[in-house]
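Below: final.txt (compact mmCIF, C-alpha atoms and all ligand atoms)
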# COMPACT_ATOMS: atom_id res chain seq x y z
CA MET Q 4 13.81 165.75 164.90
CA LEU Q 5 11.48 168.68 165.62
CA ASP Q 6 12.72 171.47 167.87
CA CYS Q 7 9.17 171.87 169.08
CA ALA Q 8 5.87 170.07 168.53
CA ILE Q 9 2.74 172.03 169.32
CA ILE Q 10 -0.44 170.02 169.84
CA GLY Q 11 -3.59 172.04 169.12
CA GLY Q 12 -4.03 175.10 166.94
CA GLY Q 13 -6.31 177.35 168.96
CA PRO Q 14 -5.20 180.76 170.31
CA ALA Q 15 -2.68 179.10 172.67
CA GLY Q 16 -1.12 176.81 170.05
CA LEU Q 17 -0.92 179.47 167.34
CA THR Q 18 0.68 182.01 169.67
CA ALA Q 19 3.14 179.40 170.94
CA GLY Q 20 4.04 178.73 167.30
CA LEU Q 21 4.46 182.44 166.57
CA TYR Q 22 6.82 183.04 169.49
CA ALA Q 23 8.83 179.83 169.01
CA THR Q 24 9.43 180.40 165.28
CA ARG Q 25 9.91 184.16 165.42
CA GLY Q 26 12.32 183.58 168.32
CA GLY Q 27 14.50 181.46 166.07
CA LEU Q 28 13.41 177.82 166.34
CA LYS Q 29 13.72 176.36 162.85
CA ASN Q 30 11.78 173.17 163.00
CA VAL Q 31 8.40 173.71 164.63
CA THR Q 32 5.23 171.83 163.69
CA MET Q 33 1.75 172.50 165.00
CA PHE Q 34 -0.48 169.43 164.91
CA GLU Q 35 -4.07 170.64 164.60
CA MET Q 36 -6.64 168.10 163.55
CA GLY Q 37 -9.03 170.70 162.11
CA MET Q 38 -8.69 174.18 160.73
CA PRO Q 39 -6.53 176.33 163.03
CA GLY Q 40 -8.40 178.82 165.23
CA GLY Q 41 -9.80 176.72 168.06
CA GLN Q 42 -13.15 176.89 169.77
CA ILE Q 43 -13.55 180.66 169.53
CA THR Q 44 -14.31 180.16 165.82
CA GLN Q 45 -17.73 178.87 166.99
CA SER Q 46 -18.53 182.25 168.52
CA SER Q 47 -20.77 184.63 166.62
CA GLU Q 48 -19.50 187.68 168.51
CA ILE Q 49 -16.35 188.57 170.43
CA GLU Q 50 -15.75 191.99 171.89
CA ASN Q 51 -13.33 191.40 174.77
CA TYR Q 52 -10.11 190.71 172.88
CA PRO Q 53 -8.03 193.88 173.49
CA GLY Q 54 -7.90 196.24 170.54
CA VAL Q 55 -10.67 194.43 168.72
CA PHE Q 56 -13.89 196.35 168.98
CA ARG Q 57 -15.79 196.13 165.78
CA GLU Q 58 -19.52 195.71 165.25
CA GLY Q 59 -20.32 192.09 164.47
CA MET Q 60 -16.79 190.70 164.92
CA THR Q 61 -17.08 186.91 164.90
CA GLY Q 62 -14.59 184.47 166.41
CA LEU Q 63 -13.78 183.33 162.88
CA ASP Q 64 -12.95 186.93 161.85
CA LEU Q 65 -10.68 187.30 164.87
CA MET Q 66 -8.71 184.12 164.19
CA GLU Q 67 -8.56 184.32 160.40
CA PRO Q 68 -5.14 186.13 160.14
CA TRP Q 69 -3.38 184.19 162.91
CA PRO Q 70 -2.30 181.08 160.92
CA GLU Q 71 -0.94 183.21 158.06
CA GLN Q 72 1.18 185.26 160.48
CA CYS Q 73 2.60 182.04 162.02
CA LYS Q 74 3.29 180.54 158.60
CA HIS Q 75 5.21 183.71 157.65
CA PHE Q 76 7.68 183.03 160.47
CA GLY Q 77 8.05 179.35 159.59
CA LEU Q 78 5.44 177.43 161.58
CA LYS Q 79 4.33 174.26 159.81
CA HIS Q 80 0.79 172.96 160.20
CA ASP Q 81 0.15 169.21 160.06
CA MET Q 82 -3.59 168.64 159.93
CA LYS Q 83 -3.63 165.44 161.96
CA GLU Q 84 -4.94 164.23 165.28
CA VAL Q 85 -2.24 163.34 167.78
CA SER Q 86 -3.07 160.19 169.71
CA LYS Q 87 -0.33 160.17 172.33
CA ILE Q 88 2.82 161.91 173.61
CA ARG Q 89 5.39 159.79 175.38
CA LYS Q 90 8.84 160.34 176.79
CA ASN Q 91 11.93 159.05 175.02
CA GLY Q 92 14.86 159.84 177.33
CA ASP Q 93 15.33 163.61 177.14
CA THR Q 94 13.08 163.96 174.08
CA PHE Q 95 9.47 163.10 173.19
CA ILE Q 96 7.68 160.84 170.73
CA ILE Q 97 4.46 162.17 169.19
CA GLU Q 98 2.17 159.40 167.93
CA VAL Q 99 0.21 160.79 165.02
CA GLY Q 100 -1.68 159.05 162.22
CA GLY Q 101 0.18 155.75 162.70
CA GLU Q 102 3.57 157.50 162.58
CA GLU Q 103 6.01 158.54 165.27
CA VAL Q 104 7.61 162.00 165.28
CA GLU Q 105 10.43 162.89 167.65
CA ALA Q 106 10.58 166.34 169.26
CA LYS Q 107 12.93 168.09 171.67
CA THR Q 108 10.07 170.02 173.30
CA VAL Q 109 6.27 169.74 173.28
CA ILE Q 110 3.65 172.40 173.99
CA VAL Q 111 0.20 170.90 174.60
CA CYS Q 112 -2.70 173.24 173.88
CA THR Q 113 -5.65 170.93 173.31
CA GLY Q 114 -8.21 173.01 175.24
CA SER Q 115 -11.25 171.89 177.18
CA LYS Q 116 -14.97 171.56 176.52
CA PRO Q 117 -17.85 172.68 178.71
CA ARG Q 118 -20.30 169.76 179.12
CA ARG Q 119 -23.72 169.89 177.56
CA ALA Q 120 -26.83 169.25 179.71
CA ASN Q 121 -28.69 167.62 176.80
CA PHE Q 122 -32.09 169.35 176.98
CA ASN Q 123 -34.23 169.99 173.91
CA GLY Q 124 -33.05 173.03 171.96
CA GLU Q 125 -29.61 173.22 173.61
CA GLU Q 126 -27.70 172.60 170.39
CA GLU Q 127 -30.15 174.54 168.21
CA PHE Q 128 -29.68 177.71 170.26
CA PHE Q 129 -26.04 177.20 171.28
CA GLY Q 130 -24.23 180.45 170.48
CA ARG Q 131 -27.60 182.14 169.84
CA GLY Q 132 -28.66 182.63 173.44
CA VAL Q 133 -27.40 179.43 175.03
CA GLY Q 134 -23.79 179.83 176.17
CA THR Q 135 -21.20 178.50 178.57
CA CYS Q 136 -19.17 181.63 179.34
CA ALA Q 137 -20.53 184.53 181.41
CA THR Q 138 -17.35 186.58 181.01
CA CYS Q 139 -17.70 186.28 177.23
CA ASP Q 140 -21.43 186.84 176.80
CA GLY Q 141 -22.81 188.32 180.03
CA PHE Q 142 -22.48 191.89 178.78
CA PHE Q 143 -24.82 191.14 175.86
CA TYR Q 144 -27.59 190.77 178.50
CA LYS Q 145 -26.93 194.01 180.37
CA ASN Q 146 -30.09 194.96 182.32
CA LYS Q 147 -31.92 191.90 180.99
CA GLU Q 148 -33.07 188.70 182.72
CA VAL Q 149 -31.02 185.53 182.23
CA SER Q 150 -31.09 181.92 183.40
CA VAL Q 151 -28.24 179.79 184.70
CA LEU Q 152 -28.34 175.99 184.81
CA GLY Q 153 -26.30 174.09 187.42
CA GLY Q 154 -25.56 174.05 191.13
CA GLY Q 155 -21.76 173.72 191.32
CA ASP Q 156 -19.13 176.37 192.09
CA THR Q 157 -18.97 177.51 188.47
CA ALA Q 158 -22.74 177.98 188.15
CA LEU Q 159 -23.06 179.93 191.39
CA GLU Q 160 -19.94 182.06 190.90
CA GLU Q 161 -21.03 182.91 187.36
CA ALA Q 162 -24.56 183.67 188.61
CA LEU Q 163 -23.03 186.22 191.00
CA TYR Q 164 -20.98 187.68 188.13
CA LEU Q 165 -24.11 187.94 185.96
CA ALA Q 166 -26.10 189.52 188.81
CA ASN Q 167 -23.71 192.49 188.58
CA ILE Q 168 -24.67 193.06 184.94
CA CYS Q 169 -28.17 191.67 184.46
CA SER Q 170 -31.46 192.76 186.00
CA LYS Q 171 -32.29 189.26 187.26
CA VAL Q 172 -30.68 185.82 187.30
CA TYR Q 173 -32.68 182.60 187.66
CA VAL Q 174 -30.55 179.70 188.89
CA ILE Q 175 -32.13 176.44 187.78
CA HIS Q 176 -30.82 173.44 189.70
CA ARG Q 177 -31.98 169.84 189.80
CA ARG Q 178 -31.73 169.43 193.58
CA GLU Q 179 -32.31 171.48 196.74
CA GLU Q 180 -28.73 171.13 197.96
CA PHE Q 181 -25.84 172.76 196.13
CA ARG Q 182 -22.53 171.18 195.27
CA ALA Q 183 -20.89 174.64 195.46
CA ALA Q 184 -18.91 175.77 198.52
CA PRO Q 185 -21.16 176.97 201.40
CA PRO Q 186 -19.84 180.59 201.41
CA THR Q 187 -20.68 180.88 197.70
CA VAL Q 188 -24.16 179.45 198.33
CA GLU Q 189 -24.65 182.03 201.11
CA ARG Q 190 -23.65 184.90 198.80
CA VAL Q 191 -26.08 183.64 196.18
CA MET Q 192 -28.90 183.32 198.74
CA ALA Q 193 -28.23 186.88 199.92
CA ASN Q 194 -28.24 188.38 196.44
CA GLU Q 195 -31.58 190.04 195.72
CA LYS Q 196 -31.16 189.76 191.97
CA ILE Q 197 -30.84 185.97 192.06
CA GLU Q 198 -33.90 183.72 192.24
CA LEU Q 199 -33.40 180.02 192.86
CA VAL Q 200 -35.51 177.58 190.85
CA LEU Q 201 -34.89 174.26 192.62
CA ASN Q 202 -35.79 170.63 191.99
CA ALA Q 203 -35.96 171.75 188.41
CA GLY Q 204 -34.55 171.05 184.97
CA ILE Q 205 -34.94 172.50 181.51
CA ASP Q 206 -37.55 170.69 179.45
CA GLU Q 207 -36.96 172.84 176.42
CA ALA Q 208 -35.19 175.95 175.18
CA PHE Q 209 -37.34 177.81 172.64
CA GLY Q 210 -36.92 180.68 170.23
CA ASP Q 211 -36.90 181.62 166.58
CA ALA Q 212 -34.47 182.51 163.82
CA MET Q 213 -33.24 185.48 165.88
CA GLY Q 214 -32.22 183.20 168.75
CA LEU Q 215 -33.35 182.03 172.17
CA GLN Q 216 -36.52 183.51 173.62
CA GLY Q 217 -36.87 181.48 176.78
CA VAL Q 218 -36.84 178.17 178.59
CA LYS Q 219 -39.54 175.79 179.81
CA VAL Q 220 -38.67 174.50 183.26
CA GLY Q 221 -40.00 171.20 184.57
CA PHE Q 222 -40.04 170.24 188.26
CA THR Q 223 -39.25 166.93 189.91
CA ASP Q 224 -41.65 167.64 192.81
CA GLY Q 225 -44.83 167.74 190.74
CA ARG Q 226 -45.15 171.52 190.30
CA GLU Q 227 -46.49 172.78 186.97
CA GLN Q 228 -44.11 173.62 184.16
CA LEU Q 229 -42.78 177.20 184.35
CA THR Q 230 -41.84 179.39 181.38
CA LEU Q 231 -38.98 181.85 181.84
CA ASP Q 232 -38.75 184.45 179.05
CA THR Q 233 -34.98 184.82 179.32
CA SER Q 234 -33.14 185.33 176.06
CA GLY Q 235 -29.84 184.32 177.71
CA LEU Q 236 -29.20 180.89 179.23
CA PHE Q 237 -25.84 179.93 180.72
CA VAL Q 238 -25.16 176.23 181.12
CA PHE Q 239 -22.59 175.29 183.80
CA VAL Q 240 -22.85 171.55 184.32
CA GLY Q 241 -19.13 170.66 184.39
CA ASN Q 242 -16.17 170.76 182.07
CA ASP Q 243 -14.09 168.12 180.26
CA VAL Q 244 -10.39 168.78 179.73
CA THR Q 245 -9.10 167.50 176.38
CA ASN Q 246 -6.14 165.66 177.85
CA LYS Q 247 -6.21 162.26 176.20
CA VAL Q 248 -2.91 162.86 174.34
CA LEU Q 249 -1.21 162.88 177.75
CA LYS Q 250 -2.53 159.43 178.73
CA GLN Q 251 -0.02 156.58 178.74
CA ASP Q 252 -0.62 152.87 178.12
CA ASP Q 253 -1.07 152.21 181.85
CA ASP Q 254 -3.73 154.99 182.04
CA SER Q 255 -1.43 157.31 183.99
CA PHE Q 256 -0.66 160.81 182.67
CA ILE Q 257 2.77 161.72 181.30
CA CYS Q 258 2.79 164.76 183.66
CA ALA Q 259 1.03 165.87 186.81
CA VAL Q 260 -2.66 166.78 186.49
CA ASN Q 261 -5.18 167.79 189.18
CA ASP Q 262 -8.40 165.94 190.12
CA TYR Q 263 -10.22 167.47 187.14
CA GLY Q 264 -7.57 166.45 184.62
CA GLU Q 265 -6.20 169.99 184.22
CA VAL Q 266 -2.44 170.06 183.66
CA ILE Q 267 -0.45 171.44 186.58
CA VAL Q 268 1.95 174.11 185.34
CA ASP Q 269 4.00 176.89 186.91
CA LEU Q 270 3.92 180.52 185.79
CA ASN Q 271 6.24 179.58 182.88
CA MET Q 272 3.73 176.97 181.66
CA LYS Q 273 6.22 174.25 182.61
CA THR Q 274 4.81 170.87 183.62
CA ASP Q 275 6.75 168.62 185.99
CA VAL Q 276 8.41 167.02 182.92
CA PRO Q 277 11.34 169.08 181.53
CA GLY Q 278 10.65 170.19 177.95
CA LEU Q 279 6.87 169.62 178.23
CA TYR Q 280 4.58 172.67 178.51
CA ALA Q 281 0.81 173.12 178.67
CA ALA Q 282 -1.01 176.31 177.70
CA GLY Q 283 -4.55 177.67 177.41
CA ASP Q 284 -7.85 176.25 178.63
CA MET Q 285 -6.39 172.86 179.56
CA ARG Q 286 -4.11 174.12 182.31
CA ILE Q 287 -4.92 174.68 186.00
CA ASN Q 288 -6.59 177.96 186.94
CA SER Q 289 -7.16 178.93 183.32
CA ALA Q 290 -9.41 181.96 182.84
CA LYS Q 291 -10.68 180.32 179.62
CA GLN Q 292 -10.38 183.46 177.52
CA VAL Q 293 -8.69 183.97 174.15
CA VAL Q 294 -6.36 186.68 175.48
CA CYS Q 295 -5.24 184.43 178.33
CA ALA Q 296 -4.71 181.41 176.06
CA ALA Q 297 -2.63 183.57 173.72
CA SER Q 298 -0.57 184.84 176.65
CA ASP Q 299 0.05 181.28 177.87
CA GLY Q 300 1.09 180.28 174.36
CA ALA Q 301 3.58 183.16 174.14
CA ILE Q 302 5.15 182.16 177.46
CA ALA Q 303 5.32 178.48 176.50
CA GLY Q 304 6.83 179.32 173.08
CA MET Q 305 9.58 181.40 174.70
CA GLN Q 306 10.26 178.70 177.29
CA ALA Q 307 10.55 175.99 174.62
CA LEU Q 308 13.03 178.20 172.78
CA HIS Q 309 15.17 178.60 175.94
CA HIS Q 310 15.01 174.86 176.59
CA VAL Q 311 16.27 173.99 173.09
CA LEU Q 312 19.05 176.61 173.29
CA GLU Q 313 20.14 175.32 176.71
CA GLN Q 314 20.28 171.71 175.46
CA SER Q 315 22.27 172.48 172.31
P1 LIG Q 401 -8.99 175.73 171.95
O1 LIG Q 401 -9.44 177.01 171.36
O2 LIG Q 401 -10.00 174.82 172.54
O3 LIG Q 401 -8.10 174.97 170.88
C1 LIG Q 401 -7.71 173.64 171.06
C2 LIG Q 401 -7.41 173.06 169.68
O4 LIG Q 401 -6.77 171.80 169.85
C3 LIG Q 401 -8.68 172.80 168.86
O5 LIG Q 401 -8.57 173.51 167.63
C4 LIG Q 401 -8.69 171.29 168.63
O6 LIG Q 401 -9.12 170.93 167.33
C5 LIG Q 401 -7.21 170.93 168.82
N1 LIG Q 401 -6.99 169.57 169.29
C6 LIG Q 401 -7.54 168.99 170.40
N2 LIG Q 401 -7.07 167.73 170.53
C7 LIG Q 401 -6.20 167.52 169.50
C8 LIG Q 401 -5.39 166.40 169.09
N3 LIG Q 401 -5.41 165.26 169.79
N4 LIG Q 401 -4.65 166.50 167.97
C9 LIG Q 401 -4.64 167.68 167.23
N5 LIG Q 401 -5.40 168.77 167.58
C10 LIG Q 401 -6.15 168.69 168.70
N6 LIG Q 401 -13.13 183.70 174.94
C11 LIG Q 401 -12.99 185.05 174.98
O7 LIG Q 401 -11.92 185.56 175.35
N7 LIG Q 401 -14.02 185.87 174.59
C12 LIG Q 401 -15.19 185.40 174.11
O8 LIG Q 401 -16.10 186.17 173.77
C13 LIG Q 401 -15.35 183.99 174.01
N8 LIG Q 401 -16.49 183.47 173.53
C14 LIG Q 401 -16.59 182.12 173.36
C15 LIG Q 401 -17.73 181.62 172.73
C16 LIG Q 401 -17.84 180.27 172.48
C17 LIG Q 401 -19.07 179.76 171.77
C18 LIG Q 401 -16.82 179.38 172.91
C19 LIG Q 401 -16.93 177.89 172.64
C20 LIG Q 401 -15.69 179.86 173.56
C21 LIG Q 401 -15.56 181.24 173.79
N9 LIG Q 401 -14.43 181.80 174.41
C22 LIG Q 401 -14.28 183.15 174.47
C23 LIG Q 401 -13.38 180.95 175.03
C24 LIG Q 401 -12.18 180.78 174.09
O9 LIG Q 401 -12.64 180.29 172.86
C25 LIG Q 401 -11.18 179.82 174.72
O10 LIG Q 401 -10.77 180.29 176.00
C26 LIG Q 401 -9.94 179.67 173.83
O11 LIG Q 401 -10.28 179.27 172.53
C27 LIG Q 401 -8.97 178.63 174.42
O12 LIG Q 401 -7.90 178.49 173.55
P2 LIG Q 401 -6.98 177.18 173.55
O13 LIG Q 401 -5.97 177.41 172.49
O14 LIG Q 401 -6.54 176.87 174.92
O15 LIG Q 401 -7.93 175.96 173.18
P1 LIG Q 402 -19.55 170.45 189.07
O1 LIG Q 402 -19.02 170.71 190.43
O2 LIG Q 402 -19.45 169.07 188.52
O3 LIG Q 402 -21.07 170.90 189.10
C1 LIG Q 402 -21.91 170.66 188.02
C2 LIG Q 402 -23.32 171.05 188.41
O4 LIG Q 402 -24.17 170.83 187.30
C3 LIG Q 402 -23.87 170.22 189.58
O5 LIG Q 402 -24.65 171.04 190.42
C4 LIG Q 402 -24.74 169.18 188.87
O6 LIG Q 402 -25.87 168.80 189.64
C5 LIG Q 402 -25.23 169.95 187.65
N1 LIG Q 402 -25.46 169.08 186.51
C6 LIG Q 402 -24.63 168.17 185.97
N2 LIG Q 402 -25.17 167.60 184.87
C7 LIG Q 402 -26.38 168.21 184.70
C8 LIG Q 402 -27.41 168.08 183.75
N3 LIG Q 402 -27.32 167.23 182.70
N4 LIG Q 402 -28.53 168.85 183.88
C9 LIG Q 402 -28.64 169.73 184.91
N5 LIG Q 402 -27.68 169.90 185.85
C10 LIG Q 402 -26.57 169.15 185.74
O7 LIG Q 402 -18.87 171.42 187.96
P2 LIG Q 402 -18.27 172.89 188.11
O8 LIG Q 402 -19.18 173.76 188.85
O9 LIG Q 402 -17.85 173.28 186.74
O10 LIG Q 402 -16.98 172.66 189.00
C11 LIG Q 402 -15.97 171.71 188.61
C12 LIG Q 402 -14.94 171.65 189.72
O11 LIG Q 402 -14.21 172.88 189.76
C13 LIG Q 402 -15.58 171.46 191.08
O12 LIG Q 402 -14.83 170.59 191.87
C14 LIG Q 402 -15.56 172.84 191.67
O13 LIG Q 402 -15.48 172.84 193.09
C15 LIG Q 402 -14.30 173.42 191.05
N6 LIG Q 402 -14.45 174.88 190.98
C16 LIG Q 402 -13.96 175.57 192.02
C17 LIG Q 402 -14.08 176.93 192.04
C18 LIG Q 402 -13.54 177.67 193.22
O14 LIG Q 402 -12.99 177.02 194.09
N7 LIG Q 402 -13.66 178.98 193.30
C19 LIG Q 402 -14.72 177.62 190.98
C20 LIG Q 402 -15.24 176.85 189.92
C21 LIG Q 402 -15.10 175.47 189.95
P3 LIG Q 402 -25.69 167.88 190.95
O15 LIG Q 402 -25.12 168.78 192.00
O16 LIG Q 402 -27.07 167.45 191.24
O17 LIG Q 402 -24.78 166.76 190.55
Would you mind writing the file's structure down as structure tokens?
Ligand code: FAD
Ligand code: NAP
Amino acid sequence: MLDCAIIGGGPAGLTAGLYATRGGLKNVTMFEMGMPGGQITQSSEIENYPGVFREGMTGLDLMEPWPEQCKHFGLKHDMKEVSKIRKNGDTFIIEVGGEEVEAKTVIVCTGSKPRRANFNGEEEFFGRGVGTCATCDGFFYKNKEVSVLGGGDTALEEALYLANICSKVYVIHRREEFRAAPPTVERVMANEKIELVLNAGIDEAFGDAMGLQGVKVGFTDGREQLTLDTSGLFVFVGNDVTNKVLKQDDDSFICAVNDYGEVIVDLNMKTDVPGLYAAGDMRINSAKQVVCAASDGAIAGMQALHHVLEQS
């Protein structure tokens, strides 16, 4: 039986593995269906991980040493996709590749994915001008004009964040009414740097080998197509939590989740099921940053260690 099973090998899962093994747990396996590193490995530039401030640092560069460090302290990596976690009395069963693995504790770190809006050029320029994280990439557009797509709380809050850094922010939204909370809408309306582009969608994102150069905006009310020469476009059209491993046969979740499918945890990353922890982007109120995911993982790893020691 495993002392601890970690599901997902991004910053949260790897750090959980580091703390659990270095803290003394002997039998810890991280199930990561791809190469360890997580979604930050898709990023061409990261400059907000503390202590890392190097020209041209990619997400892949940042994550490259993490698995080796974990392996050194005894973390095993099983490159398989977990299909389900279920309870088995005081322990857990991990269903993976047609097999069942028993574990005393489980740390789930499967992340979440920002939704795509599916306009022409979105994939081609993703990571090269098109992004889904203002905290990560906003600074790259300091004193430049950017566009934001979406009309929910995330889009408007991030537009306000970007307005602090950028010279102008166009908010492109497909309706006239906003889904975001009224006070947020009022703050956006009052912000002189934000221009609303309503009843509108993106027909096409265009650019060249260097990256995005702008977007062509189409209107649903018959106005002529508009070209915005913004080299940064932030897409905020919702988010999908990767939580399917928590789903049970009757479609319920093994632990409590909120309306958006984010796992409800306390400050120790504990779910409402003893021995089950969630860390990183998939948990409630996650800041969706590498440093925060790593911190969550460290806390969850230490908690799993305490749980095993208490039970033995
Ligand atoms: P993830 O990194 O999403 O890792 C989850 C892992 O779980 C994945 O590797 C996945 O393969 C695995 N997995 C999922 N389901 C299963 C399963 N069923 N079985 C086995 N494995 C599974 N953050 C910053 O701090 N600064 C930045 O500049 C920055 N830039 C970013 C740029 C881009 C393009 C992207 C996409 C993200 C960026 N982020 C940035 C956000 C950062 O990457 C995330 O906050 C962080 O990776 C979350 O870590 P995590 O471990 O919670 O989840
Ligand atoms: P959301 O509320 O689902 O909003 C998504 C927005 O994107 C909507 O305005 C939607 O338009 C638009 N959209 C969706 N698909 C699109 C497409 N293909 N093309 C163009 N536009 C598209 O998502 P969210 O803003 O990420 O928020 C998720 C949840 O978290 C919400 O319940 C939100 O209240 C909550 N949240 C709360 C806070 C806070 O309380 N401070 C902060 C962030 C998020 P329509 O409006 O026309 O559908």
(request) Go through Q:Gln306, Q:Asn167, Q:Thr94, Q:Thr138 one by one, measure the shortest atom-to-atom distance of each to ligand LIG 401 (chain Q) using only C-alpha atoms and all ligand atoms, and give the residue with the smallest value. (result)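 Closest to ligand LIG 401 (chain Q), using only C-alpha atoms and all ligand atoms: Q:Thr138.
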Using all atoms listed in the file, what table do you get, as CSV, when you list each residue of chain Q with an atom no more than 7 Å from ligand LIG 401 (chain Q), its nearest pair of atoms, and their distance in Å rounded to one decimal, rows by chain then rising number?
residue,atom,partner,partner_atom,distance
Q:Ile10,CA,Q:LIG401,C9,5.5
Q:Gly11,CA,Q:LIG401,O4,3.3
Q:Gly12,CA,Q:LIG401,C2,4.8
Q:Gly13,CA,Q:LIG401,O3,3.5
Q:Pro14,CA,Q:LIG401,O13,4.1
Q:Ala15,CA,Q:LIG401,O13,3.7
Q:Gly16,CA,Q:LIG401,O13,5.5
Q:Phe34,CA,Q:LIG401,C9,5.1
Q:Glu35,CA,Q:LIG401,N5,3.8
Q:Met36,CA,Q:LIG401,C9,4.2
Q:Gly37,CA,Q:LIG401,O6,5.2
Q:Met38,CA,Q:LIG401,O5,6.9
Q:Pro39,CA,Q:LIG401,O5,5.8
Q:Gly40,CA,Q:LIG401,O5,5.8
Q:Gly41,CA,Q:LIG401,O1,3.3
Q:Gln42,CA,Q:LIG401,O1,4.0
Q:Ile43,CA,Q:LIG401,O9,3.5
Q:Gln45,CA,Q:LIG401,C17,5.0
Q:Ser46,CA,Q:LIG401,C17,4.1
Q:Glu48,CA,Q:LIG401,O8,6.4
Q:Ile49,CA,Q:LIG401,O8,4.1
Q:Glu50,CA,Q:LIG401,O8,6.1
Q:Asn51,CA,Q:LIG401,N7,5.6
Q:Tyr52,CA,Q:LIG401,O7,6.0
Q:Lys83,CA,Q:LIG401,C9,5.8
Q:Glu84,CA,Q:LIG401,N4,3.5
Q:Val85,CA,Q:LIG401,N4,4.0
Q:Ser86,CA,Q:LIG401,N3,5.6
Q:Cys112,CA,Q:LIG401,O14,5.4
Q:Thr113,CA,Q:LIG401,O4,3.7
Q:Gly114,CA,Q:LIG401,O15,3.6
Q:Ser115,CA,Q:LIG401,O2,5.6
Q:Gly130,CA,Q:LIG401,C17,5.4
Q:Gly134,CA,Q:LIG401,C17,6.5
Q:Cys136,CA,Q:LIG401,C14,6.5
Q:Cys139,CA,Q:LIG401,O8,3.8
Q:Asp140,CA,Q:LIG401,O8,6.2
Q:Thr245,CA,Q:LIG401,N2,6.2
Q:Val248,CA,Q:LIG401,N3,5.7
Q:Ala282,CA,Q:LIG401,O14,6.2
Q:Gly283,CA,Q:LIG401,O14,3.3
Q:Asp284,CA,Q:LIG401,O14,4.0
Q:Met285,CA,Q:LIG401,O14,6.1
Q:Lys291,CA,Q:LIG401,O10,3.6
Q:Gln292,CA,Q:LIG401,O7,3.4
Q:Val293,CA,Q:LIG401,O7,3.8
Q:Val294,CA,Q:LIG401,O7,5.7
Q:Ala296,CA,Q:LIG401,O12,5.0
Selection as a CSV table (one decimal) with C-alpha atoms, keeping the file's coordinate frame: residues within 8 Å of ligand LIG 402 (chain Q) by only C-alpha atoms and all ligand atoms:
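Listed below is the output, pocket_27.csv:
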chain,number,residue,atom,x,y,z
Q,118,ARG,CA,-20.3,169.8,179.1
Q,119,ARG,CA,-23.7,169.9,177.6
Q,120,ALA,CA,-26.8,169.2,179.7
Q,121,ASN,CA,-28.7,167.6,176.8
Q,122,PHE,CA,-32.1,169.4,177.0
Q,152,LEU,CA,-28.3,176.0,184.8
Q,153,GLY,CA,-26.3,174.1,187.4
Q,154,GLY,CA,-25.6,174.0,191.1
Q,155,GLY,CA,-21.8,173.7,191.3
Q,156,ASP,CA,-19.1,176.4,192.1
Q,157,THR,CA,-19.0,177.5,188.5
Q,158,ALA,CA,-22.7,178.0,188.2
Q,159,LEU,CA,-23.1,179.9,191.4
Q,160,GLU,CA,-19.9,182.1,190.9
Q,176,HIS,CA,-30.8,173.4,189.7
Q,177,ARG,CA,-32.0,169.8,189.8
Q,178,ARG,CA,-31.7,169.4,193.6
Q,180,GLU,CA,-28.7,171.1,198.0
Q,181,PHE,CA,-25.8,172.8,196.1
Q,182,ARG,CA,-22.5,171.2,195.3
Q,183,ALA,CA,-20.9,174.6,195.5
Q,184,ALA,CA,-18.9,175.8,198.5
Q,204,GLY,CA,-34.6,171.0,185.0
Q,205,ILE,CA,-34.9,172.5,181.5
Q,239,PHE,CA,-22.6,175.3,183.8
Q,240,VAL,CA,-22.8,171.6,184.3
Q,241,GLY,CA,-19.1,170.7,184.4
Q,242,ASN,CA,-16.2,170.8,182.1
Q,263,TYR,CA,-10.2,167.5,187.1
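Our summary of the geometry notes that CA of Val220 in chain Q is positioned 5.5 Å from CA of Asp206 in chain Q.
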(request) Report the distance between CA of Ser234 in chain Q and CA of Asp211 in chain Q in Å, rounded to one decimal place. (result) 10.9 Å
